[in-house]
file input22.txt (compact mmCIF, C-alpha atoms)
# COMPACT_ATOMS: atom_id res chain seq x y z
CA MET A 115 0.00 0.00 0.00
CA SER A 116 1.45 3.36 -0.98
CA GLU A 117 1.78 6.25 1.43
CA GLY A 118 -1.37 8.33 1.92
CA ASP A 119 -3.85 5.50 1.32
CA ALA A 120 -6.71 5.48 3.79
CA PRO A 121 -6.21 2.52 6.14
CA GLY A 122 -8.40 -0.44 5.22
CA ARG A 123 -9.21 0.95 1.78
CA PRO A 124 -6.91 -0.79 -0.67
CA ASP A 125 -6.18 0.96 -3.94
CA ASP A 126 -7.14 -0.56 -7.29
CA GLY A 127 -3.81 -2.39 -7.56
CA GLU A 128 -4.58 -4.25 -4.35
CA ASP A 129 -8.02 -5.22 -5.68
CA VAL A 130 -6.48 -6.62 -8.85
CA ARG A 131 -3.86 -8.50 -6.86
CA THR A 132 -6.59 -10.04 -4.69
CA ASP A 133 -8.49 -11.07 -7.82
CA ILE A 134 -5.31 -12.65 -9.24
CA MET A 135 -4.78 -14.60 -6.01
CA ALA A 136 -8.36 -15.88 -6.06
CA ALA A 137 -7.88 -16.89 -9.72
CA THR A 138 -4.61 -18.66 -8.82
CA TYR A 139 -6.47 -20.57 -6.12
CA ARG A 140 -9.18 -21.65 -8.58
CA ALA A 141 -6.56 -22.59 -11.19
CA LEU A 142 -4.71 -24.75 -8.62
CA CYS A 143 -7.94 -26.53 -7.67
CA GLU A 144 -8.77 -27.08 -11.33
CA HIS A 145 -5.40 -27.94 -12.89
CA GLY A 146 -3.02 -28.88 -10.06
CA TYR A 147 0.54 -27.65 -9.68
CA ALA A 148 1.85 -28.86 -13.04
CA GLY A 149 -1.06 -27.20 -14.84
CA LEU A 150 -0.68 -23.88 -13.02
CA THR A 151 0.34 -21.83 -16.06
CA THR A 152 0.04 -18.08 -16.49
CA GLN A 153 -2.55 -18.83 -19.18
CA ALA A 154 -4.64 -20.98 -16.80
CA ILE A 155 -4.65 -18.20 -14.19
CA ALA A 156 -5.47 -15.54 -16.81
CA ASP A 157 -8.36 -17.72 -18.04
CA GLU A 158 -9.76 -18.00 -14.50
CA LEU A 159 -9.37 -14.23 -14.13
CA GLY A 160 -10.99 -13.47 -17.49
CA LYS A 161 -8.07 -11.18 -18.39
CA SER A 162 -4.94 -11.34 -20.53
CA THR A 163 -1.63 -12.86 -19.39
CA ALA A 164 -0.12 -9.39 -19.95
CA LEU A 165 -2.00 -8.16 -16.88
CA LEU A 166 -0.49 -10.98 -14.78
CA HIS A 167 2.99 -10.13 -16.00
CA TYR A 168 2.38 -6.48 -15.13
CA TYR A 169 1.72 -7.38 -11.49
CA TYR A 170 4.08 -10.35 -11.08
CA ASP A 171 7.40 -10.53 -12.93
CA THR A 172 7.87 -14.25 -12.41
CA LYS A 173 5.83 -17.33 -11.58
CA GLU A 174 7.95 -17.67 -8.42
CA GLY A 175 6.93 -14.15 -7.36
CA LEU A 176 3.29 -15.05 -7.95
CA LEU A 177 3.62 -18.27 -5.91
CA VAL A 178 5.26 -16.44 -3.02
CA ALA A 179 2.42 -13.86 -3.07
CA PHE A 180 -0.07 -16.74 -3.18
CA LEU A 181 1.45 -18.37 -0.06
CA GLU A 182 1.18 -15.00 1.69
CA TYR A 183 -2.46 -14.75 0.58
CA LEU A 184 -3.17 -18.21 2.04
CA LEU A 185 -1.58 -17.16 5.32
CA ASP A 186 -3.79 -14.02 5.43
CA ARG A 187 -6.88 -16.12 4.73
CA PHE A 188 -5.91 -18.58 7.45
CA GLU A 189 -5.39 -15.74 9.93
CA GLU A 190 -8.77 -14.24 9.00
CA THR A 191 -10.47 -17.62 9.55
CA VAL A 192 -8.86 -17.95 12.96
CA ALA A 193 -9.56 -14.28 13.86
CA THR A 194 -13.28 -14.74 13.12
CA SER A 195 -13.44 -17.76 15.42
CA THR A 196 -16.05 -16.96 18.05
CA ALA A 197 -14.30 -19.17 20.60
CA THR A 198 -13.06 -17.40 23.71
CA ASP A 199 -12.01 -20.55 25.60
CA PRO A 200 -8.37 -21.40 24.70
CA GLY A 201 -9.30 -25.10 24.32
CA ASP A 202 -12.03 -24.26 21.81
CA GLN A 203 -9.77 -21.82 20.00
CA LEU A 204 -7.01 -24.43 19.71
CA ALA A 205 -9.57 -26.91 18.37
CA ASP A 206 -10.70 -24.37 15.73
CA ILE A 207 -7.10 -23.73 14.64
CA LEU A 208 -6.22 -27.43 14.39
CA GLU A 209 -9.31 -28.14 12.30
CA ALA A 210 -8.59 -25.19 10.01
CA LEU A 211 -5.02 -26.48 9.57
CA LEU A 212 -6.06 -30.08 8.98
CA TYR A 213 -8.88 -29.49 6.53
CA GLY A 214 -7.39 -26.40 4.94
CA PRO A 215 -9.26 -23.67 3.12
CA ALA A 216 -10.97 -26.05 0.72
CA ASP A 217 -12.59 -29.40 0.18
CA TYR A 218 -10.81 -29.64 -3.15
CA GLU A 219 -8.44 -32.58 -3.15
CA GLU A 220 -6.69 -30.99 -6.16
CA TYR A 221 -5.76 -28.00 -4.04
CA HIS A 222 -4.14 -30.10 -1.32
CA VAL A 223 -2.36 -32.25 -3.91
CA ALA A 224 -0.95 -29.08 -5.47
CA MET A 225 0.20 -27.75 -2.11
CA VAL A 226 2.12 -30.96 -1.31
CA GLU A 227 3.84 -30.58 -4.68
CA LEU A 228 4.54 -26.88 -4.19
CA ARG A 229 6.01 -27.57 -0.75
CA SER A 230 8.26 -30.33 -2.15
CA GLN A 231 9.92 -27.64 -4.30
CA ALA A 232 11.00 -25.58 -1.27
CA PRO A 233 14.49 -27.17 -1.02
CA TYR A 234 15.20 -25.92 -4.56
CA ASP A 235 13.67 -22.45 -4.28
CA ASP A 236 14.76 -20.03 -1.56
CA ALA A 237 11.97 -17.50 -2.14
CA ILE A 238 9.28 -20.18 -1.78
CA ARG A 239 11.01 -21.75 1.22
CA ASP A 240 11.36 -18.34 2.90
CA GLN A 241 7.65 -17.65 2.50
CA LEU A 242 6.74 -21.16 3.73
CA ARG A 243 8.94 -20.52 6.77
CA ARG A 244 7.20 -17.20 7.37
CA ASN A 245 3.77 -18.90 7.13
CA ASP A 246 4.97 -21.63 9.48
CA ARG A 247 6.39 -19.18 12.00
CA GLU A 248 3.22 -17.08 12.16
CA VAL A 249 0.94 -20.09 12.53
CA ARG A 250 3.25 -21.66 15.10
CA GLU A 251 3.38 -18.42 17.11
CA LEU A 252 -0.41 -18.17 16.97
CA VAL A 253 -0.76 -21.73 18.30
CA ALA A 254 1.89 -21.10 20.98
CA GLU A 255 0.06 -17.91 22.10
CA VAL A 256 -3.22 -19.79 22.50
CA ILE A 257 -1.42 -22.50 24.51
CA GLU A 258 0.26 -19.85 26.67
CA ARG A 259 -3.06 -18.14 27.34
CA GLY A 260 -4.59 -21.53 28.19
CA ILE A 261 -1.81 -22.16 30.72
CA ASP A 262 -2.27 -18.69 32.24
CA GLU A 263 -6.03 -19.28 32.57
CA GLY A 264 -5.48 -22.71 34.15
CA VAL A 265 -7.20 -24.50 31.26
CA PHE A 266 -4.00 -26.20 30.02
CA GLN A 267 -1.21 -28.01 31.82
CA PRO A 268 2.10 -26.12 32.07
CA VAL A 269 3.65 -27.50 28.85
CA ASP A 270 6.30 -25.74 26.72
CA PRO A 271 4.13 -23.67 24.32
CA ASP A 272 6.66 -23.49 21.45
CA ARG A 273 7.60 -27.17 21.46
CA THR A 274 3.97 -28.23 21.80
CA ALA A 275 3.06 -25.99 18.85
CA THR A 276 5.83 -27.56 16.72
CA TYR A 277 4.53 -31.00 17.64
CA LEU A 278 0.91 -30.13 16.81
CA LEU A 279 1.84 -28.65 13.43
CA SER A 280 3.81 -31.81 12.61
CA VAL A 281 0.80 -33.98 13.43
CA VAL A 282 -1.57 -32.05 11.16
CA ASP A 283 1.06 -31.75 8.41
CA GLY A 284 1.74 -35.49 8.52
CA ALA A 285 -1.95 -36.37 8.44
CA ARG A 286 -2.67 -34.11 5.48
CA THR A 287 0.42 -35.21 3.55
CA ARG A 288 -0.47 -38.87 4.08
CA TRP A 289 -4.05 -38.21 3.02
CA VAL A 290 -2.76 -36.70 -0.24
CA VAL A 291 -0.02 -39.29 -0.87
CA LEU A 292 -1.96 -42.42 0.08
CA GLY A 293 -5.40 -41.14 -0.96
CA ASP A 294 -7.01 -42.61 2.17
CA ASP A 295 -9.90 -40.47 3.43
CA ALA A 296 -10.02 -42.16 6.84
CA ILE A 297 -6.59 -40.78 7.83
CA LEU A 298 -7.74 -37.23 8.66
CA GLU A 299 -10.55 -38.39 10.92
CA THR A 300 -8.44 -41.03 12.69
CA VAL A 301 -5.56 -38.65 13.37
CA LEU A 302 -7.88 -35.88 14.57
CA ALA A 303 -9.61 -38.25 17.02
CA GLU A 304 -6.27 -39.59 18.32
CA LEU A 305 -4.85 -36.08 18.60
CA ARG A 306 -7.92 -35.02 20.54
CA ALA A 307 -7.52 -37.92 22.98
CA SER A 308 -3.80 -37.20 23.28
CA LEU A 309 -4.42 -33.50 24.02
CA GLU A 310 -7.12 -34.32 26.56
CA ASP A 311 -4.62 -36.56 28.36
CA ARG A 312 -1.60 -34.34 28.09
CA LEU A 313 -2.60 -30.71 27.56
CA LEU A 314 -5.96 -30.14 29.20
CA ALA A 315 -6.12 -29.67 32.94
CA GLY A 316 -8.52 -31.88 34.89
CA ASP A 317 -11.29 -33.75 33.04
CA ARG A 318 -11.89 -31.17 30.33
CA GLU A 319 -12.74 -32.20 26.79
CA LEU A 320 -11.51 -30.75 23.53
CA ALA A 321 -14.22 -29.91 21.00
CA VAL A 322 -12.03 -30.79 18.03
CA GLY A 323 -13.48 -32.90 15.23
CA ASP A 324 -17.07 -32.62 16.51
CA GLU A 325 -18.42 -31.21 13.28
CA ASN A 326 -16.50 -33.65 11.11
CA SER A 327 -16.98 -36.93 12.95
CA MET B 144 12.93 -65.86 -7.43
CA SER B 145 12.21 -68.70 -9.86
CA GLU B 146 11.09 -72.13 -8.76
CA GLY B 147 13.91 -74.45 -7.66
CA ASP B 148 16.20 -71.75 -6.31
CA ALA B 149 17.76 -72.62 -3.00
CA PRO B 150 16.15 -70.44 -0.32
CA GLY B 151 18.35 -67.51 0.64
CA ARG B 152 20.60 -67.91 -2.39
CA PRO B 153 19.40 -65.42 -4.98
CA ASP B 154 20.28 -66.08 -8.60
CA ASP B 155 22.48 -63.69 -10.57
CA GLY B 156 19.47 -61.65 -11.74
CA GLU B 157 18.59 -60.89 -8.11
CA ASP B 158 22.18 -59.82 -7.42
CA VAL B 159 22.11 -57.40 -10.35
CA ARG B 160 18.75 -56.04 -9.26
CA THR B 161 20.09 -55.45 -5.76
CA ASP B 162 23.11 -53.64 -7.24
CA ILE B 163 20.78 -51.49 -9.36
CA MET B 164 18.71 -50.58 -6.29
CA ALA B 165 21.84 -49.60 -4.35
CA ALA B 166 22.96 -47.48 -7.33
CA THR B 167 19.50 -45.84 -7.50
CA TYR B 168 19.81 -44.99 -3.82
CA ARG B 169 23.26 -43.41 -4.35
CA ALA B 170 22.00 -41.52 -7.43
CA LEU B 171 19.04 -40.14 -5.43
CA CYS B 172 21.39 -38.97 -2.65
CA GLU B 173 23.70 -37.39 -5.20
CA HIS B 174 21.33 -35.86 -7.75
CA GLY B 175 17.87 -35.65 -6.14
CA TYR B 176 14.61 -36.69 -7.78
CA ALA B 177 14.84 -34.41 -10.82
CA GLY B 178 18.38 -35.64 -11.54
CA LEU B 179 17.49 -39.32 -11.19
CA THR B 180 18.07 -40.27 -14.83
CA THR B 181 18.82 -43.71 -16.21
CA GLN B 182 22.26 -42.36 -17.08
CA ALA B 183 22.91 -41.22 -13.49
CA ILE B 184 21.96 -44.65 -12.13
CA ALA B 185 24.07 -46.43 -14.78
CA ASP B 186 27.04 -44.21 -13.87
CA GLU B 187 26.69 -45.12 -10.18
CA LEU B 188 26.45 -48.78 -11.19
CA GLY B 189 29.45 -48.58 -13.53
CA LYS B 190 27.43 -50.28 -16.29
CA SER B 191 25.57 -49.23 -19.43
CA THR B 192 22.00 -47.91 -19.49
CA ALA B 193 21.15 -50.92 -21.67
CA LEU B 194 21.56 -53.17 -18.63
CA LEU B 195 19.06 -51.03 -16.68
CA HIS B 196 16.56 -51.22 -19.52
CA TYR B 197 17.00 -54.99 -19.62
CA TYR B 198 15.90 -55.29 -15.98
CA TYR B 199 13.38 -52.43 -15.79
CA ASP B 200 11.24 -51.46 -18.78
CA THR B 201 10.29 -48.04 -17.43
CA LYS B 202 11.51 -45.52 -14.89
CA GLU B 203 8.20 -46.00 -13.07
CA GLY B 204 8.91 -49.74 -12.78
CA LEU B 205 12.34 -48.97 -11.39
CA LEU B 206 10.90 -46.51 -8.83
CA VAL B 207 8.27 -49.02 -7.70
CA ALA B 208 11.03 -51.64 -7.26
CA PHE B 209 13.08 -49.08 -5.36
CA LEU B 210 10.22 -48.37 -2.93
CA GLU B 211 9.93 -52.12 -2.35
CA TYR B 212 13.69 -52.29 -1.73
CA LEU B 213 13.40 -49.50 0.87
CA LEU B 214 10.61 -51.40 2.59
CA ASP B 215 12.76 -54.56 2.69
CA ARG B 216 15.67 -52.60 4.13
CA PHE B 217 13.43 -51.02 6.74
CA GLU B 218 12.06 -54.43 7.73
CA GLU B 219 15.60 -55.83 7.98
CA THR B 220 16.62 -52.91 10.23
CA VAL B 221 13.66 -53.53 12.49
CA ALA B 222 14.14 -57.32 12.43
CA THR B 223 17.75 -56.96 13.58
CA SER B 224 16.67 -54.80 16.52
CA THR B 225 17.90 -56.54 19.66
CA ALA B 226 15.04 -55.09 21.70
CA THR B 227 12.68 -57.62 23.23
CA ASP B 228 10.68 -55.14 25.30
CA PRO B 229 7.75 -53.79 23.20
CA GLY B 230 8.50 -50.24 24.41
CA ASP B 231 12.12 -50.46 23.27
CA GLN B 232 11.06 -52.05 19.99
CA LEU B 233 8.54 -49.29 19.32
CA ALA B 234 11.25 -46.72 20.10
CA ASP B 235 13.60 -48.40 17.58
CA ILE B 236 10.92 -48.42 14.88
CA LEU B 237 9.97 -44.76 15.42
CA GLU B 238 13.61 -43.68 15.23
CA ALA B 239 14.20 -45.72 12.07
CA LEU B 240 11.10 -44.08 10.52
CA LEU B 241 12.04 -40.58 11.60
CA TYR B 242 15.68 -40.60 10.60
CA GLY B 243 15.26 -42.94 7.64
CA PRO B 244 17.95 -45.10 6.12
CA ALA B 245 20.37 -42.23 5.61
CA ASP B 246 21.80 -39.01 6.90
CA TYR B 247 21.69 -37.64 3.36
CA GLU B 248 19.36 -34.68 3.21
CA GLU B 249 19.24 -35.12 -0.59
CA TYR B 250 17.70 -38.55 -0.14
CA HIS B 251 14.87 -37.25 2.08
CA VAL B 252 14.30 -34.30 -0.24
CA ALA B 253 13.97 -36.73 -3.15
CA MET B 254 11.53 -38.95 -1.23
CA VAL B 255 9.24 -35.99 -0.44
CA GLU B 256 9.22 -35.20 -4.15
CA LEU B 257 8.64 -38.81 -5.18
CA ARG B 258 5.76 -39.09 -2.72
CA SER B 259 4.18 -35.89 -4.06
CA GLN B 260 3.84 -37.66 -7.43
CA ALA B 261 1.67 -40.45 -5.98
CA PRO B 262 -1.66 -38.78 -6.84
CA TYR B 263 -0.64 -38.82 -10.52
CA ASP B 264 0.85 -42.31 -10.67
CA ASP B 265 -1.13 -45.37 -9.60
CA ALA B 266 1.82 -47.79 -9.62
CA ILE B 267 3.85 -45.56 -7.30
CA ARG B 268 0.84 -44.85 -5.07
CA ASP B 269 0.04 -48.58 -4.84
CA GLN B 270 3.60 -49.38 -3.75
CA LEU B 271 3.59 -46.49 -1.23
CA ARG B 272 0.32 -47.86 0.15
CA ARG B 273 1.87 -51.32 0.41
CA ASN B 274 4.90 -49.88 2.26
CA ASP B 275 2.60 -47.94 4.54
CA ARG B 276 0.37 -50.92 5.28
CA GLU B 277 3.29 -53.19 6.18
CA VAL B 278 4.95 -50.61 8.42
CA ARG B 279 1.62 -49.75 10.04
CA GLU B 280 0.85 -53.43 10.70
CA LEU B 281 4.31 -53.90 12.17
CA VAL B 282 3.79 -50.96 14.54
CA ALA B 283 0.28 -52.19 15.42
CA GLU B 284 1.64 -55.68 16.21
CA VAL B 285 4.25 -54.27 18.58
CA ILE B 286 1.56 -52.18 20.30
CA GLU B 287 -0.71 -55.22 20.56
CA ARG B 288 2.08 -57.29 22.07
CA GLY B 289 2.82 -54.45 24.50
CA ILE B 290 -0.81 -54.41 25.60
CA ASP B 291 -0.83 -58.21 26.02
CA GLU B 292 2.33 -58.03 28.14
CA GLY B 293 0.89 -55.22 30.28
CA VAL B 294 3.58 -52.77 29.16
CA PHE B 295 1.15 -50.54 27.22
CA GLN B 296 -2.28 -49.17 28.05
CA PRO B 297 -5.20 -50.79 26.21
CA VAL B 298 -5.27 -48.37 23.24
CA ASP B 299 -6.54 -49.21 19.74
CA PRO B 300 -3.39 -50.59 18.03
CA ASP B 301 -4.37 -49.70 14.44
CA ARG B 302 -5.49 -46.14 15.16
CA THR B 303 -2.48 -45.51 17.38
CA ALA B 304 -0.18 -46.80 14.61
CA THR B 305 -1.83 -44.47 12.07
CA TYR B 306 -1.33 -41.56 14.47
CA LEU B 307 2.33 -42.41 15.11
CA LEU B 308 3.10 -42.71 11.39
CA SER B 309 1.48 -39.30 10.81
CA VAL B 310 3.65 -37.72 13.49
CA VAL B 311 6.92 -39.04 12.04
CA ASP B 312 5.80 -38.29 8.48
CA GLY B 313 4.89 -34.73 9.41
CA ALA B 314 8.15 -34.12 11.24
CA ARG B 315 10.26 -35.42 8.38
CA THR B 316 8.28 -33.57 5.72
CA ARG B 317 8.56 -30.32 7.68
CA TRP B 318 12.29 -30.88 8.18
CA VAL B 319 12.69 -31.22 4.40
CA VAL B 320 10.33 -28.38 3.44
CA LEU B 321 11.41 -25.83 6.06
CA GLY B 322 15.03 -26.99 6.32
CA ASP B 323 14.98 -26.66 10.12
CA ASP B 324 17.16 -29.28 11.81
CA ALA B 325 15.62 -28.74 15.25
CA ILE B 326 12.23 -30.10 14.13
CA LEU B 327 13.14 -33.81 14.26
CA GLU B 328 14.57 -33.61 17.76
CA THR B 329 11.70 -31.48 19.12
CA VAL B 330 9.00 -33.74 17.69
CA LEU B 331 10.75 -36.90 18.89
CA ALA B 332 11.04 -35.54 22.44
CA GLU B 333 7.37 -34.42 22.46
CA LEU B 334 6.26 -37.74 21.00
CA ARG B 335 8.21 -39.56 23.65
CA ALA B 336 6.56 -37.53 26.43
CA SER B 337 3.16 -38.02 24.83
CA LEU B 338 3.65 -41.80 24.58
CA GLU B 339 4.87 -42.01 28.17
CA ASP B 340 1.67 -40.26 29.26
CA ARG B 341 -0.75 -42.05 27.03
CA LEU B 342 0.64 -45.39 25.91
CA LEU B 343 2.96 -46.69 28.60
CA ALA B 344 1.50 -48.29 31.68
CA GLY B 345 2.65 -46.98 35.07
CA ASP B 346 5.79 -44.84 35.31
CA ARG B 347 7.72 -46.51 32.51
CA GLU B 348 9.96 -44.50 30.21
CA LEU B 349 10.42 -44.79 26.48
CA ALA B 350 14.02 -45.00 25.28
CA VAL B 351 13.31 -43.11 22.07
CA GLY B 352 15.71 -40.37 20.99
CA ASP B 353 18.34 -41.27 23.55
CA GLU B 354 21.10 -41.73 21.00
CA ASN B 355 20.17 -38.62 19.06
CA SER B 356 19.60 -36.10 21.82

call {"tool": "encode", "arguments": {"input": "input22.txt", "output": "structure tokens"}}
result
Amino acid sequence: MSEGDAPGRPDDGEDVRTDIMAATYRALCEHGYAGLTTQAIADELGKSTALLHYYYDTKEGLLVAFLEYLLDRFEETVATSTATDPGDQLADILEALLYGPADYEEYHVAMVELRSQAPYDDAIRDQLRRNDREVRELVAEVIERGIDEGVFQPVDPDRTATYLLSVVDGARTRWVVLGDDAILETVLAELRASLEDRLLAGDRELAVGDENS
Amino acid sequence: MSEGDAPGRPDDGEDVRTDIMAATYRALCEHGYAGLTTQAIADELGKSTALLHYYYDTKEGLLVAFLEYLLDRFEETVATSTATDPGDQLADILEALLYGPADYEEYHVAMVELRSQAPYDDAIRDQLRRNDREVRELVAEVIERGIDEGVFQPVDPDRTATYLLSVVDGARTRWVVLGDDAILETVLAELRASLEDRLLAGDRELAVGDENS
């Protein structure tokens, strides 16, 4: 946003960028990672590829912006959570992470592929690290608040957050790789039981997976 | 192995196949998934590409055979574990899964990429499913034996195995994608604490991660 813009009122460039990101998302769901061409995105947008090139010099730049867009969407989803109890809030975050922003299997398949490219592409890896750090800090803050309020046991918030993100990452990757729909539900139920044993104080229950089971 | 072979004495064809698999492994460590060409494997083998084509019609066939070879190696590693206690055996298996057959980062990077291709390739996905099923059944058997011997709590062996494989998968994938060496150690320590709370009966400890911490 350039200097002098009214806060919260993006200029036209921002609107176009948001439209391009939404078109990239639809193109990923439709065509997967290998089919994510500038032409496919332009088609979803209903504009020329010249417009895309005007806003993003390279496909890498577009992908990095897209990862940032996903992070913003995730943070919005979590911010609109009506949960005030740290246990409920943690449950909302874990479900959002596990099921992602979409029911489209193509989208999750594409993300596994995009992530596998990180070791070869510093810009993509840097953005993935940024996404990871922000989500991890968000989870750690909720855990810390839960400990302060006496809802959670006094665990290490950062290490517990790293563990939780590994569990949801592993479940989603295995779901994509093995194509077994039961994995997400099984892992969520086991994670819930594990958190009730280890994280929650007393006999509290975690409302994770209720809507999906 | 053809009929009439003495058990445990593979014929020459088996020897060559084993050499090709070992060369494929070295080529993966050296060149990654994108650089895994027939020529690269032949170079590692010190033979011509014609020999490779004689034994494997397609690269897909070679990759499927390679996944099977990895499964065999994993099962050998676990079979040679000297642990008789189910807790120690489970610890050995989880470490073998987490750290894999090699310290080569290139190898793990290549495996994340190979796995990301499963949704597009039925033969590779089928072999990955076979690997997963055998490892999962092995883990479930150890858990079942632990329950029978009163070492473990009466959990559901299959669901617990699925959960454990998701944890190690997630940790290793995140290590590859984010390039953060601390992830493996953190997740192993948290998993150990979680299993001591939830799986082990009484005040027993799990000797997982001892050699690596």

call {"tool": "closest_atom_pairs", "arguments": {"input": "input22.txt", "of": "chain B", "to": "chain A", "cutoff": "8 Å", "atoms": "only C-alpha atoms", "output": "JSON lines"}}
result
{"residue": "B:Val252", "atom": "CA", "partner": "A:Pro233", "partner_atom": "CA", "distance": 7.2}
{"residue": "B:Val255", "atom": "CA", "partner": "A:Ser230", "partner_atom": "CA", "distance": 6.0}
{"residue": "B:Glu256", "atom": "CA", "partner": "A:Ser230", "partner_atom": "CA", "distance": 5.4}
{"residue": "B:Arg258", "atom": "CA", "partner": "A:Val291", "partner_atom": "CA", "distance": 6.1}
{"residue": "B:Ser259", "atom": "CA", "partner": "A:Glu227", "partner_atom": "CA", "distance": 5.4}
{"residue": "B:Gln260", "atom": "CA", "partner": "A:Glu227", "partner_atom": "CA", "distance": 7.6}
{"residue": "B:Ala261", "atom": "CA", "partner": "A:Val291", "partner_atom": "CA", "distance": 5.5}
{"residue": "B:Pro262", "atom": "CA", "partner": "A:Val291", "partner_atom": "CA", "distance": 6.2}
{"residue": "B:Arg268", "atom": "CA", "partner": "A:Leu292", "partner_atom": "CA", "distance": 6.3}
{"residue": "B:Leu271", "atom": "CA", "partner": "A:Leu292", "partner_atom": "CA", "distance": 7.0}
{"residue": "B:Arg272", "atom": "CA", "partner": "A:Leu292", "partner_atom": "CA", "distance": 5.9}
{"residue": "B:Arg302", "atom": "CA", "partner": "A:Thr300", "partner_atom": "CA", "distance": 6.4}
{"residue": "B:Thr303", "atom": "CA", "partner": "A:Glu304", "partner_atom": "CA", "distance": 7.1}
{"residue": "B:Thr305", "atom": "CA", "partner": "A:Val301", "partner_atom": "CA", "distance": 7.0}
{"residue": "B:Tyr306", "atom": "CA", "partner": "A:Val301", "partner_atom": "CA", "distance": 5.3}
{"residue": "B:Leu308", "atom": "CA", "partner": "A:Gly284", "partner_atom": "CA", "distance": 7.9}
{"residue": "B:Ser309", "atom": "CA", "partner": "A:Gly284", "partner_atom": "CA", "distance": 4.5}
{"residue": "B:Val310", "atom": "CA", "partner": "A:Val281", "partner_atom": "CA", "distance": 4.7}
{"residue": "B:Val311", "atom": "CA", "partner": "A:Gly284", "partner_atom": "CA", "distance": 7.2}
{"residue": "B:Asp312", "atom": "CA", "partner": "A:Gly284", "partner_atom": "CA", "distance": 4.9}
{"residue": "B:Gly313", "atom": "CA", "partner": "A:Gly284", "partner_atom": "CA", "distance": 3.4}
{"residue": "B:Ala314", "atom": "CA", "partner": "A:Ser280", "partner_atom": "CA", "distance": 5.1}
{"residue": "B:Thr316", "atom": "CA", "partner": "A:Gly284", "partner_atom": "CA", "distance": 7.4}
{"residue": "B:Arg317", "atom": "CA", "partner": "A:Ser280", "partner_atom": "CA", "distance": 7.0}
{"residue": "B:Val319", "atom": "CA", "partner": "A:Pro233", "partner_atom": "CA", "distance": 7.0}
{"residue": "B:Val320", "atom": "CA", "partner": "A:Ala232", "partner_atom": "CA", "distance": 5.5}
{"residue": "B:Leu321", "atom": "CA", "partner": "A:Arg243", "partner_atom": "CA", "distance": 5.9}
{"residue": "B:Gly322", "atom": "CA", "partner": "A:Pro233", "partner_atom": "CA", "distance": 7.4}
{"residue": "B:Ile326", "atom": "CA", "partner": "A:Thr276", "partner_atom": "CA", "distance": 7.4}
{"residue": "B:Thr329", "atom": "CA", "partner": "A:Arg273", "partner_atom": "CA", "distance": 6.4}
{"residue": "B:Val330", "atom": "CA", "partner": "A:Tyr277", "partner_atom": "CA", "distance": 5.2}
{"residue": "B:Glu333", "atom": "CA", "partner": "A:Tyr277", "partner_atom": "CA", "distance": 6.6}
{"residue": "B:Leu334", "atom": "CA", "partner": "A:Tyr277", "partner_atom": "CA", "distance": 7.7}
{"residue": "B:Ser337", "atom": "CA", "partner": "A:Arg312", "partner_atom": "CA", "distance": 6.8}
{"residue": "B:Asp340", "atom": "CA", "partner": "A:Arg312", "partner_atom": "CA", "distance": 6.9}
{"residue": "B:Arg341", "atom": "CA", "partner": "A:Asp311", "partner_atom": "CA", "distance": 6.8}

call {"tool": "residues_near_point", "arguments": {"input": "input22.txt", "point": "(-9.4, -17.7, 8.6)", "cutoff": "10 Å", "atoms": "all atoms listed in the file", "output": "list in words"}}
result
Leu184, Leu185, Asp186, Arg187, Phe188, Glu189, Glu190, Thr191, Val192, Ala193, Thr194, Ser195, Asp206, Ile207, Ala210, Leu211, Gly214 and Pro215 of chain A

call {"tool": "residues_around", "arguments": {"input": "input22.txt", "residues": "Met135 in chain A", "least_positions_apart": "4", "cutoff": "9 Å", "atoms": "all atoms listed in the file", "output": "ChimeraX atom specification"}}
result
/A:130-131,139-140,155,176,179-180,183-184

call {"tool": "residues_around", "arguments": {"input": "input22.txt", "residues": "Tyr250 in chain B", "least_positions_apart": "6", "cutoff": "7 Å", "atoms": "only C-alpha atoms", "output": "JSON, numbers by chain"}}
result
{"B": [171, 172, 175]}

call {"tool": "closest_residue", "arguments": {"input": "input22.txt", "among": "B:Ala266, B:Asp346, B:Asp228, B:Tyr247", "to": "Ile290 in chain B", "atoms": "only C-alpha atoms"}}
result
B:Asp228

call {"tool": "atom_distance", "arguments": {"input": "input22.txt", "atom1": "CA of Tyr242 in chain B", "atom2": "CA of Ala350 in chain B"}}
result
15.4 Å

call {"tool": "atom_distance", "arguments": {"input": "input22.txt", "atom1": "CA of Ala283 in chain B", "atom2": "CA of Phe295 in chain B"}}
result
11.9 Å

call {"tool": "closest_residue", "arguments": {"input": "input22.txt", "among": "B:Gly289, B:Gly178, B:Gly230, B:Pro300", "to": "Arg347 in chain B", "atoms": "only C-alpha atoms"}}
result
B:Gly230

call {"tool": "atom_distance", "arguments": {"input": "input22.txt", "atom1": "CA of Asp202 in chain A", "atom2": "CA of Leu320 in chain A"}}
result
6.7 Å

call {"tool": "residues_around", "arguments": {"input": "input22.txt", "residues": "Tyr168 in chain A", "least_positions_apart": "4", "cutoff": "12 Å", "atoms": "all atoms listed in the file", "output": "PyMOL selection string"}}
result
chain A and resi 127+130-131+134+152+161-164+172-173+175-176
